[in-house]
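> Take a look at structure39.cif, mmCIF, C-alpha atoms:
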```cif
data_coords
#
loop_
_atom_site.label_atom_id
_atom_site.label_comp_id
_atom_site.auth_asym_id
_atom_site.auth_seq_id
_atom_site.Cartn_x
_atom_site.Cartn_y
_atom_site.Cartn_z
CA PRO A 163 0.00 0.00 0.00
CA VAL A 164 2.82 2.46 0.76
CA LEU A 165 4.35 1.95 -2.68
CA TYR A 166 0.96 2.26 -4.36
CA HIS A 167 0.26 5.62 -2.70
CA LEU A 168 3.82 6.81 -3.32
CA PHE A 169 3.55 6.07 -7.04
CA GLU A 170 0.17 7.80 -7.03
CA PHE A 171 1.80 10.89 -5.48
CA LEU A 172 4.55 10.76 -8.12
CA GLY A 173 1.97 10.68 -10.92
CA VAL A 174 2.61 7.15 -12.20
CA ASP A 175 -0.14 6.16 -14.63
CA GLU A 176 -2.97 4.25 -12.92
CA SER A 177 -2.88 1.47 -15.51
CA VAL A 178 0.57 0.35 -14.31
CA ARG A 179 0.72 1.83 -10.79
CA MET A 180 -0.37 -1.32 -8.96
CA HIS A 181 1.80 -3.54 -11.16
CA VAL A 182 4.91 -1.55 -10.24
CA ALA A 183 3.92 -1.45 -6.57
CA VAL A 184 3.41 -5.24 -6.49
CA GLY A 185 6.57 -6.06 -8.47
CA THR A 186 8.76 -3.76 -6.37
CA SER A 187 7.25 -5.04 -3.13
CA LEU A 188 7.94 -8.65 -4.14
CA ALA A 189 11.56 -7.74 -4.88
CA THR A 190 12.04 -6.20 -1.42
CA ILE A 191 10.60 -9.33 0.21
CA VAL A 192 13.52 -11.52 -0.94
CA PRO A 193 16.32 -9.98 1.20
CA THR A 194 13.87 -9.05 3.96
CA ALA A 195 12.57 -12.63 4.22
CA ILE A 196 16.13 -13.99 4.39
CA SER A 197 17.02 -11.59 7.21
CA SER A 198 13.80 -12.24 9.11
CA ALA A 199 13.89 -16.02 8.65
CA ARG A 200 17.45 -16.20 9.99
CA SER A 201 16.39 -14.32 13.12
CA HIS A 202 13.35 -16.54 13.69
CA HIS A 203 15.43 -19.67 13.04
CA ARG A 204 17.88 -18.70 15.79
CA ARG A 205 14.89 -18.66 18.17
CA GLY A 206 13.58 -22.02 16.95
CA GLY A 207 10.62 -20.32 15.31
CA ILE A 208 10.57 -22.09 11.91
CA ASP A 209 8.75 -25.36 11.24
CA PHE A 210 10.81 -26.99 8.46
CA ASP A 211 8.45 -29.95 8.19
CA LEU A 212 5.63 -27.55 7.33
CA LEU A 213 7.88 -25.74 4.86
CA ARG A 214 8.65 -29.01 3.09
CA SER A 215 4.96 -29.93 2.76
CA TRP A 216 3.72 -26.42 1.88
CA GLY A 217 6.69 -25.12 -0.08
CA PRO A 218 6.09 -26.79 -3.48
CA TRP A 219 2.41 -25.83 -3.46
CA ILE A 220 3.11 -22.24 -2.43
CA PHE A 221 5.81 -21.96 -5.11
CA THR A 222 3.45 -23.33 -7.79
CA GLY A 223 0.68 -20.96 -6.71
CA ALA A 224 3.13 -18.06 -6.82
CA LEU A 225 4.14 -18.95 -10.38
CA LEU A 226 0.52 -18.86 -11.48
CA GLY A 227 -0.06 -15.64 -9.55
CA ALA A 228 2.88 -13.98 -11.30
CA ALA A 229 1.62 -15.06 -14.73
CA VAL A 230 -1.87 -13.74 -14.02
CA GLY A 231 -0.84 -10.62 -12.12
CA SER A 232 1.63 -9.31 -14.67
CA GLY A 233 -0.95 -9.60 -17.45
CA ILE A 234 -4.24 -8.35 -15.98
CA LYS A 235 -5.44 -4.75 -15.84
CA GLY A 236 -4.21 -2.50 -13.07
CA SER A 237 -7.75 -1.97 -11.81
CA ALA A 238 -8.25 -5.74 -11.45
CA LEU A 239 -4.97 -6.07 -9.54
CA THR A 240 -5.99 -3.21 -7.25
CA GLY A 241 -9.38 -4.84 -6.71
CA VAL A 242 -7.80 -8.17 -5.73
CA PHE A 243 -5.59 -6.43 -3.19
CA ALA A 244 -8.43 -4.37 -1.74
CA LEU A 245 -10.88 -7.28 -1.36
CA VAL A 246 -8.40 -9.78 0.09
CA ALA A 247 -6.93 -7.15 2.44
CA LEU A 248 -10.45 -6.28 3.60
CA ALA A 249 -11.14 -9.95 4.37
CA VAL A 250 -7.84 -10.26 6.27
CA ALA A 251 -8.58 -7.07 8.23
CA ALA A 252 -12.03 -8.38 9.21
CA ASN A 253 -10.53 -11.69 10.33
CA MET A 254 -7.87 -9.96 12.41
CA ALA A 255 -10.31 -7.51 13.99
CA PHE A 256 -13.31 -9.73 14.73
CA ARG A 257 -12.11 -13.33 15.13
CA PRO A 258 -12.09 -14.05 18.89
CA GLU A 259 -8.64 -14.44 20.43
CA GLY A 260 -7.63 -18.09 20.50
CA SER A 261 -10.57 -19.32 18.42
CA ALA A 262 -9.93 -22.14 15.96
CA ILE A 263 -11.82 -24.25 13.47
CA ALA A 264 -9.77 -27.38 14.20
CA GLY A 265 -7.24 -28.62 16.70
CA LYS A 266 -4.56 -29.46 14.15
CA LEU A 267 -3.53 -28.80 10.57
CA PRO A 268 -5.60 -30.65 7.93
CA GLY A 269 -4.34 -33.42 5.70
CA LEU A 270 -2.76 -32.98 2.28
CA ALA A 271 -6.12 -32.85 0.46
CA VAL A 272 -6.93 -29.58 2.23
CA ARG A 273 -3.41 -28.36 2.99
CA ALA A 274 -2.29 -28.37 -0.67
CA PRO A 275 -5.03 -26.07 -2.03
CA LEU A 276 -4.61 -23.79 1.00
CA ALA A 277 -0.88 -23.45 0.30
CA PHE A 278 -1.50 -22.99 -3.44
CA SER A 279 -3.98 -20.19 -2.70
CA ILE A 280 -1.59 -18.50 -0.28
CA GLY A 281 1.11 -18.45 -2.97
CA GLY A 282 -1.14 -17.17 -5.75
CA LEU A 283 -2.97 -14.49 -3.78
CA SER A 284 0.19 -13.27 -2.05
CA VAL A 285 1.90 -12.64 -5.39
CA LEU A 286 -1.16 -10.82 -6.72
CA MET A 287 -1.02 -8.59 -3.63
CA GLY A 288 2.76 -8.19 -3.55
CA ILE A 289 3.03 -9.47 0.02
CA GLY A 290 5.08 -12.07 1.87
CA GLY A 291 3.78 -15.12 3.65
CA GLY A 292 2.54 -13.65 6.91
CA THR A 293 -0.62 -11.79 5.99
CA LEU A 294 -2.42 -14.90 4.73
CA SER A 295 -0.56 -17.86 6.22
CA VAL A 296 -0.53 -16.69 9.85
CA PRO A 297 -4.34 -16.32 10.12
CA ILE A 298 -4.83 -19.66 8.34
CA LEU A 299 -2.35 -21.47 10.58
CA SER A 300 -3.87 -19.85 13.69
CA ALA A 301 -7.31 -21.08 12.61
CA PHE A 302 -5.95 -24.63 12.95
CA SER A 303 -4.57 -24.02 16.48
CA TYR A 304 -1.00 -23.58 15.26
CA PRO A 305 1.22 -21.65 17.75
CA ILE A 306 1.23 -17.99 16.73
CA ARG A 307 4.96 -17.28 17.17
CA ARG A 308 5.92 -20.40 15.24
CA ALA A 309 3.44 -19.36 12.54
CA VAL A 310 5.07 -15.93 12.29
CA GLY A 311 8.57 -17.42 12.05
CA THR A 312 7.57 -20.01 9.44
CA ALA A 313 5.76 -17.32 7.45
CA ALA A 314 9.01 -15.37 7.18
CA ALA A 315 10.57 -18.33 5.35
CA ILE A 316 7.41 -18.82 3.27
CA GLY A 317 8.02 -15.31 1.94
CA LEU A 318 10.91 -16.64 -0.14
CA PHE A 319 8.72 -19.29 -1.81
CA ILE A 320 6.35 -16.47 -2.76
CA ALA A 321 8.73 -13.67 -3.68
CA LEU A 322 11.26 -15.48 -5.88
CA PRO A 323 8.84 -16.71 -8.59
CA GLY A 324 6.71 -13.61 -8.12
CA VAL A 325 9.44 -11.06 -8.73
CA ALA A 326 10.76 -13.08 -11.68
CA GLY A 327 7.34 -12.94 -13.33
CA PHE A 328 6.88 -9.20 -12.80
CA ALA A 329 10.48 -8.35 -13.79
CA LEU A 330 10.23 -10.30 -17.06
CA ALA A 331 6.78 -8.99 -17.98
CA GLU A 332 6.39 -6.83 -21.06
CA ALA A 333 5.52 -3.30 -19.96
CA ASP A 334 4.97 0.04 -21.71
CA ALA A 335 8.16 1.91 -20.78
CA THR A 336 6.54 5.28 -21.48
CA LEU A 337 4.14 4.77 -18.56
CA LEU A 338 6.69 3.54 -16.03
CA PRO A 339 8.66 5.59 -13.46
CA PRO A 340 12.43 5.95 -14.02
CA GLY A 341 14.60 2.99 -13.09
CA THR A 342 11.93 0.33 -13.67
CA PHE A 343 12.83 -3.11 -15.03
CA GLY A 344 9.71 -4.90 -16.18
CA TYR A 345 7.40 -3.92 -13.33
CA VAL A 346 10.15 -3.75 -10.67
CA ASN A 347 11.33 -0.27 -9.73
CA LEU A 348 15.02 -0.57 -8.87
CA ILE A 349 15.17 2.87 -7.22
CA GLY A 350 12.39 1.95 -4.81
CA PHE A 351 14.07 -1.40 -4.17
CA ALA A 352 17.42 0.26 -3.39
CA LEU A 353 15.82 2.74 -0.99
CA ILE A 354 13.69 0.23 0.89
CA VAL A 355 15.88 -2.87 1.27
CA PRO A 356 18.72 -1.47 3.43
CA VAL A 357 16.17 -0.38 6.01
CA THR A 358 14.02 -3.54 5.95
CA VAL A 359 17.04 -5.83 6.29
CA VAL A 360 18.06 -3.95 9.43
CA ALA A 361 14.49 -3.74 10.76
CA ALA A 362 13.48 -7.38 10.13
CA PRO A 363 15.56 -8.88 12.97
CA VAL A 364 14.20 -6.20 15.30
CA GLY A 365 10.67 -7.19 14.32
CA ALA A 366 11.51 -10.85 14.93
CA ARG A 367 12.73 -10.05 18.45
CA ILE A 368 9.59 -8.02 19.17
CA ALA A 369 7.34 -10.80 17.81
CA HIS A 370 8.82 -13.21 20.34
CA ALA A 371 8.56 -10.76 23.23
CA ILE A 372 5.16 -9.00 23.12
CA ASP A 373 1.47 -9.78 23.20
CA PRO A 374 0.57 -9.56 19.49
CA SER A 375 -3.13 -8.64 20.01
CA GLY A 376 -2.58 -4.86 20.01
CA LEU A 377 -0.34 -4.97 16.96
CA ARG A 378 -2.90 -7.16 15.21
CA ARG A 379 -5.65 -4.56 15.76
CA VAL A 380 -3.49 -1.70 14.49
CA PHE A 381 -2.55 -3.66 11.37
CA ALA A 382 -6.20 -4.60 10.81
CA LEU A 383 -7.17 -0.92 10.94
CA PHE A 384 -4.40 -0.01 8.49
CA LEU A 385 -5.51 -2.72 6.05
CA PHE A 386 -9.16 -1.71 6.40
CA LEU A 387 -8.52 1.96 5.64
CA THR A 388 -6.27 1.10 2.69
CA SER A 389 -8.86 -1.31 1.27
CA VAL A 390 -11.70 1.18 1.59
CA LYS A 391 -9.69 3.90 -0.17
CA MET A 392 -8.73 1.57 -3.02
CA LEU A 393 -12.31 0.33 -3.48
CA TRP A 394 -13.62 3.90 -3.39
CA ARG A 395 -11.20 4.84 -6.18
CA LEU A 396 -12.25 1.82 -8.22
CA PHE A 397 -16.01 2.18 -7.94
#
```
Render the structure in this file as structure tokens.

Amino acid sequence: PVLYHLFEFLGVDESVRMHVAVGTSLATIVPTAISSARSHHRRGGIDFDLLRSWGPWIFTGALLGAAVGSGIKGSALTGVFALVALAVAANMAFRPEGSAIAGKLPGLAVRAPLAFSIGGLSVLMGIGGGTLSVPILSAFSYPIRRAVGTAAAIGLFIALPGVAGFALAEADATLLPPGTFGYVNLIGFALIVPVTVVAAPVGARIAHAIDPSGLRRVFALFLFLTSVKMLWRLF
């Protein structure tokens, strides 16, 4: 959302604005996810068995998401982000603390399509693994801190195929901001990554030290306001 509004402020054409925001965001996730995952791993916060079972499905979903996302209209891409973010915000704000739909993760028949959907939708939104995978894991009584740590590693399975698809996409160079390769803005990448790589380990330490309920509500409000603004602009 920050990149989207920044490109809006800079006057980037609306037909490519969300594409560049998504592509650039996916690029920043790669080094950020590596930094964050290393910090969570040092605290025993990554479930490698889950990564092995989810990873191929998330990666495949991300490949499809990149193919679809780099080719659809900017308004459709914005709409996907706004609607999914609104659903995530509602889940974070209104689902009772500690509630679950099952006491353990489902079998492969359910787990595979869940992972595939996480990969595809995350690429379309330009996000890492946490926004979708943490609520889904929590709904199956998965420990929240372990979900957050594993989601950091999931970000790599999402971002690598995603950024490749958006970087290699054919784009109208006359509509793009300076320094853009495909739909990935290298200037934005260079400005964001040094800060996120430093901040990610700090976030990992905080995630293992605080009650996440307050942070969850603030993030839900941020997502809700962003979704409403995007939908207002669309309709």
> Please provide as JSON, numbers by chain all residues within 10 Å of A:Leu168, with the sequence filter that same-chain residues fewer than 5 positions apart are discarded (counting all atoms listed in the file).
{"A": [163, 173, 174, 179, 183, 350]}
> Name the residues captured by the PyMOL selection byres ((chain A and resi 224-226) around 10) when it is applied to the shown file; answer as a VMD selection string.
chain A and resid 218 to 223 227 to 231 277 to 286 319 to 327
> For this structure, which residues satisfy the selection - the PyMOL selection byres ((chain A and resi 311) around 9) - when it is evaluated on the file as given? I want them as a PyMOL selection string.
chain A and resi 198-199+201-203+205-209+292+306-310+312-316+366+369
> Just to be explicit: take each residue in the selection above, keep C-alpha atoms, and write the result as a short mmCIF file (atom, residue, chain, number, x, y, z; two decimals), keeping the file's coordinate frame.

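Saved file part38.cif follows:
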```cif
data_model
loop_
_atom_site.label_atom_id
_atom_site.label_comp_id
_atom_site.auth_asym_id
_atom_site.auth_seq_id
_atom_site.Cartn_x
_atom_site.Cartn_y
_atom_site.Cartn_z
CA SER A 198 13.80 -12.24 9.11
CA ALA A 199 13.89 -16.02 8.65
CA SER A 201 16.39 -14.32 13.12
CA HIS A 202 13.35 -16.54 13.69
CA HIS A 203 15.43 -19.67 13.04
CA ARG A 205 14.89 -18.66 18.17
CA GLY A 206 13.58 -22.02 16.95
CA GLY A 207 10.62 -20.32 15.31
CA ILE A 208 10.57 -22.09 11.91
CA ASP A 209 8.75 -25.36 11.24
CA GLY A 292 2.54 -13.65 6.91
CA ILE A 306 1.23 -17.99 16.73
CA ARG A 307 4.96 -17.28 17.17
CA ARG A 308 5.92 -20.40 15.24
CA ALA A 309 3.44 -19.36 12.54
CA VAL A 310 5.07 -15.93 12.29
CA THR A 312 7.57 -20.01 9.44
CA ALA A 313 5.76 -17.32 7.45
CA ALA A 314 9.01 -15.37 7.18
CA ALA A 315 10.57 -18.33 5.35
CA ILE A 316 7.41 -18.82 3.27
CA ALA A 366 11.51 -10.85 14.93
CA ALA A 369 7.34 -10.80 17.81
#
```
> Considering all atoms listed in the file, can you say which of A:Leu348, A:Ala244, A:Ile196, A:Ala301 comes closest to A:Lys266?
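Smallest distance to A:Lys266 is found for A:Ala301.
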> Any idea what's packed within 8 Å of A:His181, counting only C-alpha atoms, ignoring anything in its chain fewer than 6 positions away? Could you give it as a PyMOL selection string?
chain A and resi 231-232+236+239+328+345
> Need the shell around A:Ser215: protein/DNA/RNA residues with any atom at most 9 Å away, counting all atoms listed in the file. Skip same-chain ones fewer than 5 positions apart. Format as a VMD selection string?
chain A and resid 210 270 273 to 274
> Can you pull out every residue within 12 Å of A:Val346, counting only C-alpha atoms, but drop anything in the same chain fewer than 2 positions away, and send it as a VMD selection string?
chain A and resid 165 178 to 190 232 288 324 to 333 335 338 to 344 348 to 352
> Just how far from atom CA of A:Thr293 is atom CA of A:Lys391, in Å to one decimal?
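Computing it gives 19.1 Å between the two atoms.
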> Return as a tab-separated table the residues of stretch 186-297 of chain A lying at most 9 Å from stretch 370-387 of chain A, together with the closest atom-to-atom pair for each and the distance in Å to one decimal, counting all atoms listed in the file, with rows in chain order and ascending residue number.

```
residue	atom	partner	partner_atom	distance
A:His202	CA	A:His370	CA	8.7
A:Arg205	CA	A:His370	CA	8.4
A:Gly207	CA	A:His370	CA	8.9
A:Ala244	CA	A:Leu385	CA	8.5
A:Ala247	CA	A:Leu385	CA	5.9
A:Leu248	CA	A:Phe386	CA	5.5
A:Ala249	CA	A:Phe386	CA	8.7
A:Val250	CA	A:Ala382	CA	7.4
A:Ala251	CA	A:Ala382	CA	4.3
A:Ala252	CA	A:Ala382	CA	7.1
A:Asn253	CA	A:Ala382	CA	8.3
A:Met254	CA	A:Ala382	CA	5.8
A:Ala255	CA	A:Arg379	CA	5.8
A:Glu259	CA	A:Ser375	CA	8.0
```
